[in-house]
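One structure is given below, encoded as structure tokens.
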Amino acid sequence: MLILGCILVLITLALLIKRYEARMVLIGAGIVMCICAGNPMASLNAFAKGMGSGMISSACSSMGFALVMRFTGCDKHLINFLAKILTKVNMLIIPGVVLATYAVNIALPSAAGTSAAAGAIFIPIMMGAGVHPAMAAAAVKCGTYGSMLNPGLAHNPFVAKIAGVDVMDVIAFHYHANIASLIVAAIAITAIAFITKENKGHVVEGLEMEENFKINPLYALMPIVPIVILLLGATKIVPAFKMGVAQAMVIGALLALIVTRTNPAALTKSFFDGMGKAYADIIGIILAAGVFVAGMNAMGLVKAFTNAMLNNPAIVKLCAAVGPFLLGVIVGSGDAATFAFNEAITPHAAEFGMTPVQMGSMATLGGTLGRTMSPIAGATIIVAGIAGVNPMEIAKRNTIPMILAMIVGMFILAM
């Protein structure tokens with residue numbers, strides 16, 4: 001069963017790389033695996049469960065807001081304003097977006113929420129500056145592991161409880177490795193963009209920079225309103241602004257309506273058109289990815305992989321880093337492997353010459369970087385939908401940066 005499951009996963013990856021319709025491939029593979037495992041309803045149950053996913057509000061509202069910005073022309077005002085700066089420092093736009101997204105993710109520990117909020121702003125700006133759509137989406141996705149520096153990330157208090165220390169002690173231990181890995185990833189993805197010539201020269205219809213364009217400062221501010229609200233609320237600078245992504249996007253749309261004095265009915269239609277597009281293009285793939293993961297679970301692949309990692313104490317350091325990373329890539333979430341590893345092995349870290357904080361941090365960073373590279377992670381699918389590209393195109397561009405980030409981060413943590 002495990003061998004058959006591995007074969008089916010490899011076939012699925014091959015079809016995705018060949019750019020077959022992603023939703024068709026993932027749903028088909030998940031159903032086939034569940035049938036082979038004798039549990040066909042598992043795939044349908046996963047599909048039904050995904051329809052109520054918590055990511056729906058973030059993804060749909062962000063896409064709705066993005067279409068409102070397109071309808072009102074506010075995105076053009078911001079793009080043309082920033083273009084005057086970005087064209088002078090084009091080489092900094094990609095690493096700048098990676099670092100900015102990372103900072104947003106520290107305050108908003110949800111990778112999907114960060115991708116929705118930051119992606120709706122940064123991706124159109126980068127595309128307007130000539131960056132290839134897939135590279136623009138990859139740059140945003142590359143910065144979605146700043147959550148490791150947030151005390152609210154579930155893994156930090158989990159490791160702190162095991163080690164008997166304060167959660168800030170855990171962050172103080174791994175922050176330097178986390179930041180070092182970020183710098184390496186930002187440099188790597190920038191180098192890839194320059195080598196492949198995806199850093200400039202790509203024209204996207206509707207986002208072209210216009211000469212002699214008269215910029216309205218208020219219009220230019222509208223696209224960044226939601227993210228400012230979310231950051232001020234998350235950092236408790238303005239406690240009243242503590243809210244979800246969807247609420248911030250609606251407020252942003254309402255302010256755009258007031259500022260631009262456009263037709264309320266037409267603006268509302270644009271918002272809901274964007275929500276519908278998000279459900280079809282973004283949530284549809286998230287649902288399909290959930291069916292695929294259900295198939296792997298039904299065939300025992302995820303459990304077998306996790307057990308293999310936990311039952312090899314001789315290579316525990318390697319397992320702590322690489323195990324959660326690989327599982328994060330395959331299933332789009334590093335949480336399962338990371339929690340399993342930290343619960344079973346990390347309490348015995350001293351037996352392997354490590355501290356619980358050290359081992360727990362390695363597992364957390366590995367799982368987080370794997371998820372950041374995964375083509376079926378919710379955050380990847382969200383930025384792919386905003387940019388209008390295949391999620392595999394984003395994963396391909398983030399592969400080398402994330403692998404290098406893992407090597408550097410683990411080397412520092414292991415010292």
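The way I read the labels, and the way they are meant: chains A, B, ... in the order of the structure tokens, residue 1 as the first residue of every chain, and ligand 1 as the first ligand shown, with later ones counted on from there.
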Mind checking which residues fall within 9 Å of A:Asn199, counting only C-alpha atoms, ignoring those fewer than 6 positions away in the same chain, and posting them as a ChimeraX atom specification?
/A:90-91,93-94,126,129-132,135-136,190,192-193
Near A:Gly233, counting only C-alpha atoms, which residues have an atom at most 10 Å away, once you skip same-chain residues fewer than 3 positions from it, shown as a list in words?
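With the cut-off at 10 Å, the set is Ala107, Leu108, Ile227, Val228, Ile229, Leu230, Lys236, Ile237, Val238, Pro239, Ala240, Phe241, Lys242, Met243 and Gly244 of chain A.
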Take the residues just selected and output them with all heavy atoms as an mmCIF file, in the first residue's frame.
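Writing the result to part-v5.cif gives the following:
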data_model
loop_
_atom_site.group_PDB
_atom_site.id
_atom_site.type_symbol
_atom_site.label_atom_id
_atom_site.label_comp_id
_atom_site.auth_asym_id
_atom_site.auth_seq_id
_atom_site.Cartn_x
_atom_site.Cartn_y
_atom_site.Cartn_z
ATOM 1 N N ALA A 107 3.595 39.878 12.688
ATOM 2 C CA ALA A 107 2.416 40.431 13.358
ATOM 3 C C ALA A 107 1.170 39.602 13.089
ATOM 4 O O ALA A 107 0.312 39.466 13.961
ATOM 5 C CB ALA A 107 2.193 41.865 12.890
ATOM 6 N N LEU A 108 1.065 39.052 11.871
ATOM 7 C CA LEU A 108 -0.078 38.213 11.488
ATOM 8 C C LEU A 108 0.434 36.792 11.304
ATOM 9 O O LEU A 108 0.863 36.434 10.208
ATOM 10 C CB LEU A 108 -0.708 38.715 10.189
ATOM 11 C CG LEU A 108 -1.153 40.184 10.142
ATOM 12 C CD1 LEU A 108 -1.629 40.539 8.746
ATOM 13 C CD2 LEU A 108 -2.233 40.444 11.172
ATOM 14 N N ILE A 227 -3.866 46.522 5.254
ATOM 15 C CA ILE A 227 -2.679 45.969 5.910
ATOM 16 C C ILE A 227 -2.224 46.864 7.063
ATOM 17 O O ILE A 227 -1.724 46.376 8.084
ATOM 18 C CB ILE A 227 -1.550 45.739 4.880
ATOM 19 C CG1 ILE A 227 -0.586 44.688 5.416
ATOM 20 C CG2 ILE A 227 -0.811 47.000 4.538
ATOM 21 C CD1 ILE A 227 0.354 44.134 4.376
ATOM 22 N N VAL A 228 -2.407 48.175 6.930
ATOM 23 C CA VAL A 228 -2.072 49.094 8.025
ATOM 24 C C VAL A 228 -2.993 48.823 9.219
ATOM 25 O O VAL A 228 -2.537 48.758 10.370
ATOM 26 C CB VAL A 228 -2.199 50.562 7.567
ATOM 27 C CG1 VAL A 228 -2.082 51.507 8.763
ATOM 28 C CG2 VAL A 228 -1.130 50.893 6.539
ATOM 29 N N ILE A 229 -4.273 48.651 8.943
ATOM 30 C CA ILE A 229 -5.237 48.339 10.009
ATOM 31 C C ILE A 229 -4.848 47.042 10.720
ATOM 32 O O ILE A 229 -4.816 46.971 11.957
ATOM 33 C CB ILE A 229 -6.662 48.219 9.430
ATOM 34 C CG1 ILE A 229 -7.168 49.578 8.971
ATOM 35 C CG2 ILE A 229 -7.621 47.617 10.466
ATOM 36 C CD1 ILE A 229 -8.505 49.535 8.251
ATOM 37 N N LEU A 230 -4.527 46.010 9.933
ATOM 38 C CA LEU A 230 -4.190 44.703 10.512
ATOM 39 C C LEU A 230 -2.913 44.771 11.352
ATOM 40 O O LEU A 230 -2.837 44.179 12.433
ATOM 41 C CB LEU A 230 -4.028 43.672 9.394
ATOM 42 C CG LEU A 230 -5.326 43.267 8.683
ATOM 43 C CD1 LEU A 230 -5.022 42.484 7.414
ATOM 44 C CD2 LEU A 230 -6.206 42.451 9.611
ATOM 45 N N LYS A 236 -1.029 45.767 18.668
ATOM 46 C CA LYS A 236 -1.694 46.413 19.802
ATOM 47 C C LYS A 236 -1.353 47.891 19.931
ATOM 48 O O LYS A 236 -1.528 48.487 21.001
ATOM 49 C CB LYS A 236 -1.368 45.675 21.107
ATOM 50 C CG LYS A 236 -1.871 44.236 21.113
ATOM 51 C CD LYS A 236 -1.562 43.537 22.421
ATOM 52 C CE LYS A 236 -2.065 42.089 22.384
ATOM 53 N NZ LYS A 236 -1.760 41.365 23.633
ATOM 54 N N ILE A 237 -0.821 48.472 18.848
ATOM 55 C CA ILE A 237 -0.581 49.915 18.857
ATOM 56 C C ILE A 237 -1.927 50.639 18.913
ATOM 57 O O ILE A 237 -2.091 51.645 19.610
ATOM 58 C CB ILE A 237 0.217 50.334 17.605
ATOM 59 C CG1 ILE A 237 1.625 49.725 17.651
ATOM 60 C CG2 ILE A 237 0.312 51.856 17.506
ATOM 61 C CD1 ILE A 237 2.457 49.988 16.424
ATOM 62 N N VAL A 238 -2.900 50.101 18.148
ATOM 63 C CA VAL A 238 -4.279 50.604 18.199
ATOM 64 C C VAL A 238 -5.178 49.394 18.471
ATOM 65 O O VAL A 238 -5.628 48.721 17.547
ATOM 66 C CB VAL A 238 -4.689 51.283 16.875
ATOM 67 C CG1 VAL A 238 -6.098 51.862 16.996
ATOM 68 C CG2 VAL A 238 -3.702 52.371 16.491
ATOM 69 N N PRO A 239 -5.415 49.062 19.727
ATOM 70 C CA PRO A 239 -6.195 47.856 20.075
ATOM 71 C C PRO A 239 -7.548 47.768 19.382
ATOM 72 O O PRO A 239 -8.018 46.671 19.085
ATOM 73 C CB PRO A 239 -6.363 47.993 21.599
ATOM 74 C CG PRO A 239 -5.198 48.821 22.039
ATOM 75 C CD PRO A 239 -4.968 49.797 20.922
ATOM 76 N N ALA A 240 -8.156 48.916 19.093
ATOM 77 C CA ALA A 240 -9.471 48.905 18.453
ATOM 78 C C ALA A 240 -9.404 48.330 17.044
ATOM 79 O O ALA A 240 -10.431 47.928 16.487
ATOM 80 C CB ALA A 240 -10.033 50.322 18.400
ATOM 81 N N PHE A 241 -8.213 48.293 16.455
ATOM 82 C CA PHE A 241 -8.036 47.772 15.098
ATOM 83 C C PHE A 241 -7.783 46.267 15.077
ATOM 84 O O PHE A 241 -7.515 45.703 14.016
ATOM 85 C CB PHE A 241 -6.878 48.480 14.397
ATOM 86 C CG PHE A 241 -7.194 49.879 13.936
ATOM 87 C CD1 PHE A 241 -6.227 50.653 13.306
ATOM 88 C CD2 PHE A 241 -8.454 50.425 14.136
ATOM 89 C CE1 PHE A 241 -6.525 51.942 12.880
ATOM 90 C CE2 PHE A 241 -8.753 51.716 13.719
ATOM 91 C CZ PHE A 241 -7.781 52.476 13.083
ATOM 92 N N LYS A 242 -7.865 45.617 16.218
ATOM 93 C CA LYS A 242 -7.671 44.171 16.269
ATOM 94 C C LYS A 242 -8.863 43.502 15.592
ATOM 95 O O LYS A 242 -9.985 43.512 16.103
ATOM 96 C CB LYS A 242 -7.556 43.711 17.722
ATOM 97 C CG LYS A 242 -7.361 42.211 17.901
ATOM 98 C CD LYS A 242 -5.988 41.765 17.463
ATOM 99 C CE LYS A 242 -5.757 40.298 17.779
ATOM 100 N NZ LYS A 242 -4.477 39.805 17.274
ATOM 101 N N MET A 243 -8.631 42.911 14.422
ATOM 102 C CA MET A 243 -9.728 42.316 13.654
ATOM 103 C C MET A 243 -9.169 41.310 12.663
ATOM 104 O O MET A 243 -7.946 41.155 12.516
ATOM 105 C CB MET A 243 -10.507 43.407 12.915
ATOM 106 C CG MET A 243 -9.712 44.148 11.851
ATOM 107 S SD MET A 243 -10.646 45.500 11.072
ATOM 108 C CE MET A 243 -10.704 46.692 12.399
ATOM 109 N N GLY A 244 -10.054 40.614 11.982
ATOM 110 C CA GLY A 244 -9.646 39.645 10.977
ATOM 111 C C GLY A 244 -9.370 40.287 9.631
ATOM 112 O O GLY A 244 -9.680 41.461 9.406
#
Choose the residue, out of A:Val104, A:Asn80, A:Val140, A:Ala288, that has the smallest atom-to-atom separation from A:Leu232; count only C-alpha atoms.
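That would be A:Val104, the residue with the smallest distance to A:Leu232.
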If I take atom CA of A:Lys161 and atom CA of A:Asn342, how far is one from the other in Å, to one decimal?
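Atom CA of A:Asn342 lies 10.8 Å from atom CA of A:Lys161.
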Under the rule that only C-alpha atoms are counted, which of A:Gly252, A:Gly38, A:Gly119, A:Gly290 is the nearest residue to A:Ile382?
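The answer is A:Gly119, which sits nearest to A:Ile382.
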Check the smallest atom-to-atom distance from each of A:Phe71, A:Phe411, A:Tyr145, A:Phe81 to A:Leu369 using only C-alpha atoms, then report the winner.
A:Tyr145
Report, in Å to a single decimal, how far apart atom CA of A:Ala377 and atom CA of A:His202 are.
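Separating atom CA of A:His202 from atom CA of A:Ala377 is a distance of 26.4 Å.
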One decimal, in Å: what's the spacing between atom CA of A:Val357 and atom CA of A:Gly323?
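Between these atoms lies a distance of 17.3 Å.
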Any idea what's packed within 7 Å of A:Thr364, counting only C-alpha atoms, ignoring anything in its chain fewer than 4 positions away? Could you give it as a list of chain:residue names?
A:His155, A:Thr338, A:Gly360, A:Thr368
With a distance cut-off of 10 Å and only C-alpha atoms, select the neighbouring residues of A:Ala118, excluding the residue or stretch itself and same-chain residues fewer than 5 positions from it, and output the selection as a CSV table (one decimal) with C-alpha atoms, in the first residue's frame.
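The new file around.csv reads:
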chain,number,residue,atom,x,y,z
A,62,SER,CA,-8.7,39.9,-0.2
A,97,VAL,CA,9.0,42.5,-0.7
A,100,ALA,CA,8.2,43.3,4.1
A,101,THR,CA,6.1,40.2,3.9
A,102,TYR,CA,8.2,38.6,6.6
A,104,VAL,CA,3.8,41.4,8.2
A,105,ASN,CA,3.9,37.7,9.1
A,112,ALA,CA,-2.6,32.3,4.5
A,113,GLY,CA,-3.8,35.6,6.1
A,123,ILE,CA,1.9,41.4,-6.1
A,140,VAL,CA,5.6,37.2,-1.2
A,141,LYS,CA,5.4,33.5,-0.4
A,144,THR,CA,5.7,33.9,5.0
A,224,ILE,CA,-2.5,49.7,1.8
A,226,PRO,CA,-6.2,47.0,5.2
A,227,ILE,CA,-2.7,46.0,5.9
A,383,VAL,CA,-0.7,34.2,-4.0
Counting only C-alpha atoms, which residue out of A:Ile407, A:Ala349, A:Leu287, A:Leu254 sits closest to A:Val68?
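The shortest atom-to-atom distance to A:Val68 comes from A:Leu254.
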